[in-house]
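Coordinates as given in start.cif (mmCIF, C-alpha atoms and all ligand atoms):
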data_input
loop_
_atom_site.label_atom_id
_atom_site.label_comp_id
_atom_site.auth_asym_id
_atom_site.auth_seq_id
_atom_site.Cartn_x
_atom_site.Cartn_y
_atom_site.Cartn_z
CA MET X 936 124.96 -0.02 87.96
CA GLU X 937 127.19 -2.84 86.80
CA ASP X 938 128.06 -1.24 83.49
CA GLY X 939 131.70 -2.20 83.31
CA CYS X 940 131.78 -1.32 79.62
CA GLU X 941 130.85 2.28 80.33
CA THR X 942 134.30 3.01 81.65
CA GLN X 943 136.20 1.74 78.61
CA HIS X 944 136.74 3.20 75.23
CA TRP X 945 134.95 1.08 72.70
CA LEU X 946 137.26 0.76 69.78
CA MET X 947 138.91 -2.18 71.52
CA PRO X 948 137.80 -5.36 69.82
CA ARG X 949 136.29 -7.87 72.19
CA THR X 950 136.22 -11.56 71.60
CA ASN X 951 133.86 -12.83 74.27
CA ASN X 952 130.58 -13.83 72.71
CA ILE X 953 127.39 -13.81 74.72
CA LYS X 954 126.95 -17.29 76.06
CA ASN X 955 123.71 -18.89 75.12
CA HIS X 956 121.67 -19.04 78.26
CA LYS X 957 119.45 -22.03 78.85
CA PHE X 958 115.84 -21.22 79.53
CA MET X 959 113.08 -23.34 80.90
CA SER X 960 109.46 -23.20 79.91
CA GLU X 961 106.95 -21.26 81.95
CA GLU X 962 105.58 -24.52 83.44
CA ALA X 963 109.03 -25.58 84.56
CA THR X 964 110.02 -22.27 86.13
CA GLY X 965 106.53 -21.30 87.27
CA ASP X 966 107.24 -17.74 86.13
CA SER X 967 104.40 -15.86 84.55
CA GLN X 968 103.93 -12.95 82.18
CA LEU X 969 100.72 -12.09 84.14
CA PRO X 970 97.21 -11.95 82.61
CA LEU X 971 96.39 -9.49 79.81
CA TRP X 972 94.07 -6.49 80.22
CA GLU X 973 92.73 -4.22 77.46
CA VAL X 974 92.83 -0.48 78.18
CA PHE X 975 90.17 2.09 77.17
CA ILE X 976 90.55 5.84 77.63
CA GLN X 977 88.00 8.64 77.54
CA SER X 978 89.92 11.65 76.31
CA LYS X 979 87.32 14.37 77.04
CA PRO X 980 83.93 14.65 78.75
CA GLY X 981 81.21 13.69 76.31
CA LEU X 982 83.34 11.34 74.21
CA ALA X 983 83.24 7.54 74.26
CA HIS X 984 86.03 5.45 75.77
CA LYS X 985 88.43 4.36 73.04
CA HIS X 986 90.79 1.40 72.93
CA ALA X 987 94.36 2.48 73.75
CA GLY X 988 96.29 -0.77 74.08
CA ASN X 989 96.90 -3.41 76.73
CA VAL X 990 98.93 -4.21 79.82
CA HIS X 991 99.81 -7.28 81.86
CA ALA X 992 98.69 -7.32 85.51
CA THR X 993 97.48 -9.65 88.23
CA ASP X 994 94.30 -7.73 89.03
CA GLY X 995 92.23 -4.73 88.00
CA GLU X 996 93.90 -2.36 90.39
CA MET X 997 97.39 -3.19 89.14
CA ALA X 998 96.14 -3.08 85.55
CA LEU X 999 94.80 0.46 86.11
CA GLN X 1000 98.07 1.65 87.63
CA ASN X 1001 100.12 0.10 84.83
CA ALA X 1002 97.75 1.57 82.24
CA ARG X 1003 98.12 5.02 83.82
CA ASP X 1004 101.92 4.75 83.54
CA VAL X 1005 101.95 3.28 80.02
CA TYR X 1006 99.07 5.05 78.26
CA GLY X 1007 98.51 8.15 80.39
CA ARG X 1008 101.80 9.99 80.70
CA ARG X 1009 100.61 13.10 78.84
CA ASN X 1010 97.05 14.02 79.80
CA GLU X 1011 95.61 11.48 77.39
CA GLY X 1012 92.34 11.33 79.23
CA ILE X 1013 90.02 11.85 82.15
CA SER X 1014 88.78 8.30 82.60
CA MET X 1015 90.23 4.84 82.06
CA TRP X 1016 88.73 1.35 81.89
CA VAL X 1017 90.64 -1.92 82.07
CA VAL X 1018 88.97 -5.14 80.96
CA PRO X 1019 90.38 -8.69 81.20
CA ALA X 1020 91.28 -9.53 77.58
CA ASN X 1021 89.71 -12.97 77.87
CA ALA X 1022 86.37 -11.40 78.85
CA ILE X 1023 86.00 -9.88 75.38
CA THR X 1024 84.06 -11.81 72.73
CA ALA X 1025 84.79 -10.48 69.25
CA SER X 1026 83.35 -11.02 65.79
CA SER X 1027 85.73 -12.73 63.40
CA PRO X 1028 87.00 -11.34 60.08
CA GLU X 1029 85.84 -14.43 58.14
CA ASP X 1030 82.25 -13.76 59.19
CA GLN X 1031 82.55 -10.06 58.46
CA SER X 1032 80.33 -9.98 55.37
CA SER X 1033 77.56 -12.24 56.67
CA PHE X 1034 77.73 -10.71 60.14
CA PHE X 1035 77.29 -7.15 58.95
CA ASP X 1036 75.25 -8.03 55.89
CA PRO X 1037 71.79 -7.31 57.36
CA ALA X 1038 72.73 -3.66 57.62
CA ASN X 1039 73.50 -3.31 53.91
CA ASP X 1040 70.19 -4.35 52.37
CA LYS X 1041 67.91 -2.42 54.70
CA VAL X 1042 67.90 0.90 52.92
CA TYR X 1043 64.64 1.78 54.68
CA ARG X 1044 66.70 2.37 57.83
CA HIS X 1045 68.14 5.50 56.26
CA PRO X 1046 66.34 8.84 55.83
CA SER X 1047 67.17 9.01 52.12
CA PHE X 1048 64.78 6.07 51.49
CA TYR X 1049 61.77 8.30 52.17
CA GLU X 1050 60.42 10.78 49.65
CA LEU X 1051 59.61 14.30 50.63
CA LYS X 1052 57.24 16.75 49.01
CA ASP X 1053 59.08 19.68 47.42
CA GLY X 1054 59.28 22.74 49.61
CA VAL X 1055 58.99 20.99 52.97
CA LYS X 1056 61.42 22.42 55.52
CA PHE X 1057 63.20 21.29 58.68
CA MET X 1058 62.90 17.53 57.95
CA MET E 764 105.19 -19.49 45.09
CA SER E 765 101.74 -20.42 43.85
CA GLU E 766 99.43 -17.61 44.80
CA SER E 767 96.40 -18.85 46.70
CA LYS E 768 93.10 -16.99 46.75
CA GLU E 769 93.97 -15.72 50.23
CA HIS E 770 97.36 -14.49 49.07
CA ILE E 771 95.84 -12.51 46.25
CA ALA E 772 93.20 -10.95 48.49
CA PHE E 773 95.90 -10.15 51.04
CA GLN E 774 98.15 -8.42 48.50
CA GLU E 775 95.14 -6.50 47.17
CA LYS E 776 94.45 -5.11 50.62
CA ILE E 777 98.12 -4.14 51.02
CA ASP E 778 98.14 -2.43 47.60
CA ASN E 779 95.03 -0.47 48.57
CA ASP E 780 96.59 0.60 51.88
CA ILE E 781 94.05 -1.30 53.95
CA LYS E 782 95.65 -2.22 57.26
CA ILE E 783 96.02 -5.86 58.27
CA GLU E 784 94.57 -6.59 61.72
CA PRO E 785 95.53 -9.43 64.12
CA LYS E 786 92.68 -11.79 63.26
CA ASP E 787 92.91 -11.26 59.49
CA TRP E 788 94.42 -13.93 57.26
CA MET E 789 98.11 -13.28 56.55
CA PRO E 790 100.92 -15.31 54.97
CA ASP E 791 102.99 -17.07 57.57
CA GLU E 792 106.11 -15.34 56.28
CA TYR E 793 104.48 -11.93 56.79
CA ARG E 794 103.67 -12.90 60.37
CA GLN E 795 107.22 -14.15 61.00
CA MET E 796 108.84 -11.08 59.46
CA LEU E 797 106.69 -8.86 61.63
CA ILE E 798 107.38 -10.82 64.82
CA ARG E 799 111.07 -10.50 64.08
CA GLN E 800 111.01 -6.79 63.27
CA VAL E 801 108.56 -5.58 65.92
CA SER E 802 110.12 -7.63 68.72
CA GLN E 803 113.58 -6.34 67.81
CA HIS E 804 112.15 -2.86 67.87
CA ALA E 805 110.63 -3.53 71.33
CA HIS E 806 113.89 -4.95 72.66
CA SER E 807 115.73 -1.88 71.36
CA GLU E 808 113.48 0.46 73.33
CA ILE E 809 114.04 -1.57 76.50
CA VAL E 810 117.80 -2.12 76.14
CA GLY E 811 118.09 1.52 75.03
CA MET E 812 117.21 2.61 78.55
CA LEU E 813 120.50 1.20 79.88
CA PRO E 814 123.10 3.55 78.35
CA GLU E 815 120.99 6.60 79.23
CA GLY E 816 119.98 5.29 82.65
CA ASN E 817 123.71 5.24 83.32
CA TRP E 818 123.66 9.08 83.57
CA ILE E 819 120.40 9.83 85.38
CA THR E 820 122.02 10.15 88.80
CA ARG E 821 124.86 12.21 87.35
CA ALA E 822 122.84 14.69 85.28
CA PRO E 823 124.39 18.14 85.76
CA SER E 824 121.18 19.93 86.83
CA LEU E 825 117.65 19.25 87.95
CA ARG E 826 116.36 20.46 84.55
CA ARG E 827 118.55 17.90 82.80
CA LYS E 828 117.63 15.19 85.27
CA VAL E 829 113.84 15.49 84.93
CA GLY E 830 114.16 15.62 81.15
CA LEU E 831 116.33 12.52 80.95
CA LEU E 832 114.19 10.67 83.46
CA ALA E 833 111.03 11.42 81.48
CA LYS E 834 112.72 10.35 78.26
CA VAL E 835 113.92 7.04 79.69
CA GLN E 836 110.44 6.41 81.09
CA ASP E 837 109.00 7.06 77.61
CA GLU E 838 111.35 4.44 76.17
CA ALA E 839 109.99 1.90 78.65
CA GLY E 840 106.51 2.78 77.41
CA HIS E 841 107.62 2.41 73.79
CA GLY E 842 108.94 -1.06 74.58
CA LEU E 843 105.59 -2.01 76.10
CA TYR E 844 103.50 -0.70 73.16
CA LEU E 845 105.70 -2.71 70.83
CA TYR E 846 105.61 -5.90 72.91
CA SER E 847 101.81 -5.58 72.83
CA ALA E 848 101.85 -5.24 69.06
CA THR E 849 104.09 -8.32 68.78
CA GLU E 850 101.88 -10.35 71.09
CA SER E 851 98.93 -9.63 68.82
CA LEU E 852 100.74 -11.80 66.23
CA GLY E 853 100.35 -14.81 68.48
CA ILE E 854 103.55 -14.97 70.53
CA ASP E 855 103.72 -14.67 74.33
CA ARG E 856 105.51 -11.84 76.10
CA ILE E 857 107.50 -14.32 78.17
CA GLU E 858 108.80 -16.00 75.01
CA LEU E 859 109.86 -12.64 73.55
CA ILE E 860 111.81 -11.80 76.69
CA GLN E 861 113.50 -15.19 76.59
CA GLN E 862 114.48 -14.65 72.96
CA LEU E 863 116.18 -11.40 73.97
CA HIS E 864 117.98 -12.98 76.90
CA SER E 865 119.18 -15.98 74.90
CA GLY E 866 120.55 -13.82 72.10
CA GLN E 867 118.17 -15.38 69.58
CA SER E 868 116.51 -12.01 69.03
CA LYS E 869 118.61 -8.91 68.36
CA TYR E 870 118.17 -5.26 69.33
CA SER E 871 119.57 -2.11 67.78
CA ASN E 872 123.35 -2.21 67.60
CA ILE E 873 123.69 1.35 68.83
CA PHE E 874 122.96 0.34 72.42
CA ASN E 875 126.03 -1.86 72.54
CA TYR E 876 128.16 1.28 72.73
CA PRO E 877 128.90 2.87 76.11
CA THR E 878 127.97 6.36 77.34
CA LEU E 879 131.33 7.64 78.49
CA THR E 880 130.55 11.31 79.18
CA TRP E 881 127.54 13.53 79.78
CA ALA E 882 127.84 14.75 76.20
CA ASP E 883 126.95 11.23 75.04
CA ILE E 884 123.47 11.80 76.44
CA GLY E 885 123.22 14.86 74.20
CA ALA E 886 124.55 12.97 71.19
CA ILE E 887 122.15 10.08 71.78
CA GLY E 888 119.09 12.34 71.97
CA TRP E 889 120.15 14.32 68.93
CA LEU E 890 121.53 11.56 66.68
CA VAL E 891 120.21 8.23 67.95
CA ASP E 892 116.67 9.42 68.62
CA GLY E 893 116.94 11.47 65.44
CA ALA E 894 117.70 8.33 63.44
CA ALA E 895 115.00 6.39 65.28
CA ILE E 896 112.44 9.11 64.50
CA MET E 897 113.31 9.01 60.81
CA ASN E 898 112.62 5.31 60.78
CA GLN E 899 109.51 5.50 62.96
CA VAL E 900 107.84 8.31 61.07
CA SER E 901 108.08 6.13 57.98
CA LEU E 902 106.74 3.11 59.89
CA GLN E 903 103.57 4.95 60.89
CA ARG E 904 102.38 3.84 57.44
CA THR E 905 103.32 0.18 57.93
CA SER E 906 100.66 -2.29 56.78
CA TYR E 907 100.14 -4.02 60.14
CA GLY E 908 97.52 -2.12 62.18
CA PRO E 909 98.82 -2.64 65.74
CA TYR E 910 102.40 -1.78 64.67
CA SER E 911 101.23 1.32 62.87
CA ARG E 912 99.19 2.51 65.86
CA ALA E 913 102.16 1.95 68.19
CA MET E 914 104.32 4.03 65.81
CA VAL E 915 101.83 6.92 65.74
CA ARG E 916 101.85 7.02 69.53
CA ILE E 917 105.63 6.74 69.73
CA CYS E 918 106.25 9.49 67.16
CA LYS E 919 104.11 11.91 69.20
CA GLU E 920 106.40 11.31 72.15
CA GLU E 921 109.74 11.23 70.35
CA SER E 922 110.14 14.83 69.29
CA PHE E 923 110.94 15.97 72.82
CA HIS E 924 113.65 13.30 73.02
CA GLN E 925 115.58 14.75 70.13
CA ARG E 926 115.17 18.34 71.29
CA GLN E 927 116.30 17.35 74.76
CA GLY E 928 119.52 15.92 73.30
CA TYR E 929 120.13 18.78 70.89
CA GLU E 930 119.69 21.29 73.70
CA ILE E 931 122.40 19.49 75.69
CA MET E 932 124.71 19.63 72.65
CA THR E 933 123.92 23.31 72.07
CA THR E 934 124.68 24.20 75.68
CA LEU E 935 127.97 22.29 75.64
CA SER E 936 129.00 23.82 72.34
CA ASN E 937 128.47 27.29 73.84
CA GLY E 938 130.50 26.36 76.89
CA THR E 939 134.19 26.14 77.77
CA GLU E 940 136.78 24.63 75.43
CA LYS E 941 136.61 21.45 77.44
CA GLN E 942 132.82 21.25 77.10
CA LYS E 943 133.01 21.91 73.37
CA ALA E 944 135.61 19.18 73.00
CA MET E 945 133.38 16.82 74.95
CA ALA E 946 130.44 17.49 72.60
CA GLN E 947 132.67 16.99 69.56
CA ASP E 948 134.07 13.75 70.95
CA ALA E 949 130.52 12.42 71.50
CA THR E 950 129.55 13.42 67.96
CA ASN E 951 132.63 11.67 66.60
CA ARG E 952 131.86 8.46 68.41
CA PHE E 953 128.09 8.35 67.75
CA TRP E 954 128.03 9.49 64.12
CA TRP E 955 128.91 6.23 62.37
CA PRO E 956 126.96 3.93 64.71
CA SER E 957 123.92 6.21 64.14
CA LEU E 958 124.23 5.73 60.38
CA MET E 959 124.42 1.98 60.96
CA MET E 960 121.09 2.10 62.78
CA PHE E 961 119.31 2.05 59.42
CA GLY E 962 120.65 -1.42 58.77
CA PRO E 963 122.59 -2.95 55.88
CA SER E 964 122.68 -1.14 52.56
CA ASP E 965 119.87 -1.94 50.14
CA LYS E 966 122.02 -4.13 47.95
CA GLU E 967 122.91 -6.32 50.98
CA SER E 968 119.61 -6.36 52.83
CA ILE E 969 118.02 -9.82 52.57
CA HIS E 970 114.61 -8.87 53.90
CA SER E 971 114.09 -5.60 52.07
CA SER E 972 112.22 -6.40 48.87
CA LYS E 973 109.49 -8.53 50.44
CA SER E 974 109.22 -6.10 53.30
CA LEU E 975 108.56 -3.27 50.85
CA LYS E 976 106.15 -5.35 48.76
CA TRP E 977 104.12 -6.13 51.89
CA LYS E 978 104.58 -2.57 53.13
CA ILE E 979 106.04 -3.67 56.44
CA LYS E 980 108.71 -1.11 55.67
CA ARG E 981 107.72 1.87 53.54
CA GLU E 982 111.15 3.23 52.66
CA SER E 983 114.42 1.40 52.15
CA ASN E 984 117.36 1.52 54.57
CA ASP E 985 119.45 3.68 52.25
CA GLU E 986 116.64 6.16 51.56
CA LEU E 987 116.07 6.70 55.27
CA ARG E 988 119.79 6.94 55.98
CA GLN E 989 120.18 9.64 53.32
CA GLN E 990 117.26 11.64 54.77
CA PHE E 991 118.89 11.42 58.18
CA VAL E 992 122.26 12.66 56.94
CA ASP E 993 120.59 15.52 55.07
CA ARG E 994 118.92 16.71 58.26
CA ALA E 995 121.64 16.01 60.80
CA VAL E 996 124.55 17.69 59.04
CA PRO E 997 123.11 21.24 59.02
CA GLN E 998 121.91 20.73 62.61
CA GLY E 999 125.46 19.85 63.62
CA GLU E 1000 127.01 22.71 61.68
CA LEU E 1001 124.67 25.17 63.38
CA ILE E 1002 126.25 24.34 66.73
CA GLY E 1003 129.80 24.12 65.42
CA MET E 1004 130.10 20.33 65.26
CA THR E 1005 132.11 18.56 62.59
CA PHE E 1006 131.61 14.98 61.47
CA PRO E 1007 134.25 12.24 61.36
CA ASP E 1008 133.88 11.64 57.64
CA PRO E 1009 136.28 13.27 55.14
CA ASP E 1010 133.95 12.31 52.27
CA LEU E 1011 130.98 14.13 53.71
CA LYS E 1012 130.02 17.03 51.46
CA TRP E 1013 127.04 18.73 49.87
CA ASN E 1014 126.30 17.57 46.34
CA GLU E 1015 124.70 20.33 44.23
CA ASP E 1016 123.60 17.90 41.53
CA THR E 1017 121.74 15.41 43.71
CA GLY E 1018 120.59 17.91 46.31
CA HIS E 1019 121.86 15.57 49.02
CA TYR E 1020 124.96 15.10 51.11
CA ASP E 1021 127.47 12.54 49.87
CA PHE E 1022 129.02 10.51 52.62
CA GLY E 1023 131.72 7.87 53.02
CA GLU E 1024 131.45 4.11 53.12
CA ILE E 1025 130.18 2.62 56.38
CA ASP E 1026 132.46 0.17 58.13
CA TRP E 1027 130.27 -2.91 57.73
CA GLU E 1028 132.88 -5.08 59.42
CA GLU E 1029 132.32 -3.17 62.64
CA PHE E 1030 128.57 -3.45 62.15
CA LYS E 1031 128.71 -7.23 61.77
CA ASN E 1032 131.14 -7.58 64.60
CA VAL E 1033 128.91 -5.69 67.04
CA ILE E 1034 125.76 -7.52 65.89
CA ASN E 1035 127.52 -10.81 66.48
CA GLY E 1036 128.05 -9.97 70.10
CA ASN E 1037 131.49 -8.35 70.05
CA GLY E 1038 130.56 -4.74 70.73
CA PRO E 1039 131.88 -3.11 73.86
CA CYS E 1040 128.66 -3.53 75.86
CA ASN E 1041 126.78 -6.55 74.45
CA LYS E 1042 127.48 -8.72 77.46
CA GLU E 1043 126.69 -6.08 80.05
CA ARG E 1044 123.42 -5.14 78.36
CA ILE E 1045 122.09 -8.68 78.33
CA ARG E 1046 123.38 -9.37 81.80
CA ALA E 1047 121.57 -6.26 83.08
CA ARG E 1048 118.30 -7.37 81.43
CA ILE E 1049 118.54 -10.91 82.80
CA LYS E 1050 119.25 -9.56 86.25
CA ALA E 1051 116.29 -7.14 86.10
CA ASP E 1052 114.02 -9.98 85.06
CA ALA E 1053 115.30 -12.29 87.81
CA ASP E 1054 115.14 -9.54 90.44
CA GLY E 1055 111.52 -8.81 89.51
CA ARG E 1056 110.47 -12.41 89.76
CA TRP E 1057 109.48 -12.33 93.44
CA VAL E 1058 107.27 -9.29 92.77
CA ARG E 1059 105.34 -11.16 90.06
CA ASP E 1060 105.06 -14.25 92.24
CA ALA E 1061 103.82 -12.25 95.22
CA ALA E 1062 101.30 -10.29 93.14
CA LEU E 1063 99.92 -13.48 91.61
CA ALA E 1064 99.66 -15.19 94.99
CA TYR E 1065 97.88 -12.13 96.39
CA ALA E 1066 95.43 -12.02 93.48
CA LYS E 1067 94.68 -15.74 93.88
CA ASN E 1068 93.97 -15.47 97.60
CA LYS E 1069 91.74 -12.41 97.33
FE FE L 1101 111.61 5.25 71.76
FE FE L 1102 113.28 8.13 72.07
#
In structure tokens, what does this structure look like?
Amino acid sequence: MEDGCETQHWLMPRTNNIKNHKFMSEEATGDSQLPLWEVFIQSKPGLAHKHAGNVHATDGEMALQNARDVYGRRNEGISMWVVPANAITASSPEDQSSFFDPANDKVYRHPSFYELKDGVKFM
Amino acid sequence: MSESKEHIAFQEKIDNDIKIEPKDWMPDEYRQMLIRQVSQHAHSEIVGMLPEGNWITRAPSLRRKVGLLAKVQDEAGHGLYLYSATESLGIDRIELIQQLHSGQSKYSNIFNYPTLTWADIGAIGWLVDGAAIMNQVSLQRTSYGPYSRAMVRICKEESFHQRQGYEIMTTLSNGTEKQKAMAQDATNRFWWPSLMMFGPSDKESIHSSKSLKWKIKRESNDELRQQFVDRAVPQGELIGMTFPDPDLKWNEDTGHYDFGEIDWEEFKNVINGNGPCNKERIRARIKADADGRWVRDAALAYAKNK
């Protein structure tokens, strides 16, 4: 480890500022942050997989290994899915009311819409 | 500022404690404040691995080594959860890393101090993670959904970090005179920098009022700092530690500890790059990034040719 500072007592004032490093864009350097994958974990048998977060990886196998290390260090689950983030199509918040609207005005989809004769049991 | 319809709806959600999610409308300033805060938080977790990593190979026993190793690995995870949360605000990971390396984005000042002895690992777990926990517990209730979820996850993992450090301090304080002195020396050096972790005092803090109004932060810097002092002092006294502050004393009337004025000159000086380890920390991060480059290139080439 090149921690030169670790051997010196720190109350000595230092004057050397961090030089501003020049950085090039991703296109110029060709470096990549790697594609994004969303991670889903099933915590117990019988439960649905639940979104846990995301990782960067080149392929599914690497994504799974990274996800195990990042989101599974303490027995968080028994099964894990990774999905390329760009493969997910999501509804948008602006459309929220119109998108979910049909559910609101169809009261006949709920049991309370139907009348029961007094005294009926197990229904 | 003229309040648009969106602004009013946004503030209403915040007031009703409804979380803001990545695709929801948000004021640009809210987005920028969050990018700044969450990325600095992420950088702190990552840079924070360096001073502790410094002692992994020299841990005094296998028990200490596995504990420290697991803690440092957790901090890497914390950095990744927080980078993810920042990316959800529309900024690339690669840009965040470049902002750290160029000095444009800061990280917690505390990691610009060196770890000179094994006792520093104890003091860091006890005081530095202790201060971080105080802040993070409060941030679980932050208004931005992905940040809040990252905080919930992080808080679950943090409590072992502090216990790990306090156990080291307890052991040393029950040891030889030399070991006791080592623990006291670490406490002396880490006490003030730990108090500085909460940031400038409320009357100086430029971002505080908006941050509280938008519930990015839920408690002010000074409130959190006071809570930390109130908890840490009895913990230290229990293991025979004293604190390097002659003004530190219990105040019957307020029900809190009074403490002395923080040296804000030192704080500013270290933030501006003049702490003992600023240069080494950034150099180590740039080197790690450069050394990992061939791995990313090879993995991408392999994935393309599959
Ligand atoms: Fe952490
Ligand atoms: Fe921690």
In terms of the shortest atom-to-atom distance over only C-alpha atoms, which of E:Met796, E:Ala949, E:Ala833, E:Ala1062 is closest to chain X? E:Ala1062
Counting all atoms listed in the file, what residues are within 7 Å of ligand FE 1102 (chain L), given as a PyMOL selection string? chain E and resi 834+838+892+921+924
May I have the residues from that selection written out with C-alpha atoms, as a compact mmCIF listing (two decimals), keeping the file's coordinate frame?
# COMPACT_ATOMS: atom_id res chain seq x y z
CA LYS E 834 112.72 10.35 78.26
CA GLU E 838 111.35 4.44 76.17
CA ASP E 892 116.67 9.42 68.62
CA GLU E 921 109.74 11.23 70.35
CA HIS E 924 113.65 13.30 73.02
Between CA of Arg1009 (chain X) and CA of Ala805 (chain E), what distance in Å does the model show, to one decimal? 20.8 Å
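Here CA of Asp948 (chain E) stands at a distance of 13.8 Å from CA of Ile1002 (chain E).
Reported to one decimal place, the separation of CA of Leu971 (chain X) from CA of Ile1023 (chain X) is 11.3 Å.
You can rank E:Glu982, E:Glu1029, E:Glu808, E:Asp993 by their closest distance to ligand FE 1101 (chain L) using only C-alpha atoms and all ligand atoms, and at the top of that list sits E:Glu808.
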Would you mind listing, as a PyMOL selection string, all residues of chain E that have at least one atom within 7 Å of chain X, where only C-alpha atoms are what counts? chain E and resi 786-787+840+847+856-857+865-866+876-879+1036-1040+1042-1043+1062-1063+1066
Test item: which residues lie within 12 Å of (107.4, -11.6, 64.7) counting all atoms listed in the file, as a ChimeraX atom specification: /E:791-805,845-856,858-859,862,868,907,910,979
Would you save the residues of that selection, restricted to C-alpha atoms, as a PDB file, in the coordinates of the input?
ATOM      1  CA  ASP E 791     102.990 -17.070  57.570  1.00  0.00           C
ATOM      2  CA  GLU E 792     106.110 -15.340  56.280  1.00  0.00           C
ATOM      3  CA  TYR E 793     104.480 -11.930  56.790  1.00  0.00           C
ATOM      4  CA  ARG E 794     103.670 -12.900  60.370  1.00  0.00           C
ATOM      5  CA  GLN E 795     107.220 -14.150  61.000  1.00  0.00           C
ATOM      6  CA  MET E 796     108.840 -11.080  59.460  1.00  0.00           C
ATOM      7  CA  LEU E 797     106.690  -8.860  61.630  1.00  0.00           C
ATOM      8  CA  ILE E 798     107.380 -10.820  64.820  1.00  0.00           C
ATOM      9  CA  ARG E 799     111.070 -10.500  64.080  1.00  0.00           C
ATOM     10  CA  GLN E 800     111.010  -6.790  63.270  1.00  0.00           C
ATOM     11  CA  VAL E 801     108.560  -5.580  65.920  1.00  0.00           C
ATOM     12  CA  SER E 802     110.120  -7.630  68.720  1.00  0.00           C
ATOM     13  CA  GLN E 803     113.580  -6.340  67.810  1.00  0.00           C
ATOM     14  CA  HIS E 804     112.150  -2.860  67.870  1.00  0.00           C
ATOM     15  CA  ALA E 805     110.630  -3.530  71.330  1.00  0.00           C
ATOM     16  CA  LEU E 845     105.700  -2.710  70.830  1.00  0.00           C
ATOM     17  CA  TYR E 846     105.610  -5.900  72.910  1.00  0.00           C
ATOM     18  CA  SER E 847     101.810  -5.580  72.830  1.00  0.00           C
ATOM     19  CA  ALA E 848     101.850  -5.240  69.060  1.00  0.00           C
ATOM     20  CA  THR E 849     104.090  -8.320  68.780  1.00  0.00           C
ATOM     21  CA  GLU E 850     101.880 -10.350  71.090  1.00  0.00           C
ATOM     22  CA  SER E 851      98.930  -9.630  68.820  1.00  0.00           C
ATOM     23  CA  LEU E 852     100.740 -11.800  66.230  1.00  0.00           C
ATOM     24  CA  GLY E 853     100.350 -14.810  68.480  1.00  0.00           C
ATOM     25  CA  ILE E 854     103.550 -14.970  70.530  1.00  0.00           C
ATOM     26  CA  ASP E 855     103.720 -14.670  74.330  1.00  0.00           C
ATOM     27  CA  ARG E 856     105.510 -11.840  76.100  1.00  0.00           C
ATOM     28  CA  GLU E 858     108.800 -16.000  75.010  1.00  0.00           C
ATOM     29  CA  LEU E 859     109.860 -12.640  73.550  1.00  0.00           C
ATOM     30  CA  GLN E 862     114.480 -14.650  72.960  1.00  0.00           C
ATOM     31  CA  SER E 868     116.510 -12.010  69.030  1.00  0.00           C
ATOM     32  CA  TYR E 907     100.140  -4.020  60.140  1.00  0.00           C
ATOM     33  CA  TYR E 910     102.400  -1.780  64.670  1.00  0.00           C
ATOM     34  CA  ILE E 979     106.040  -3.670  56.440  1.00  0.00           C
TER      35      ILE E 979
END
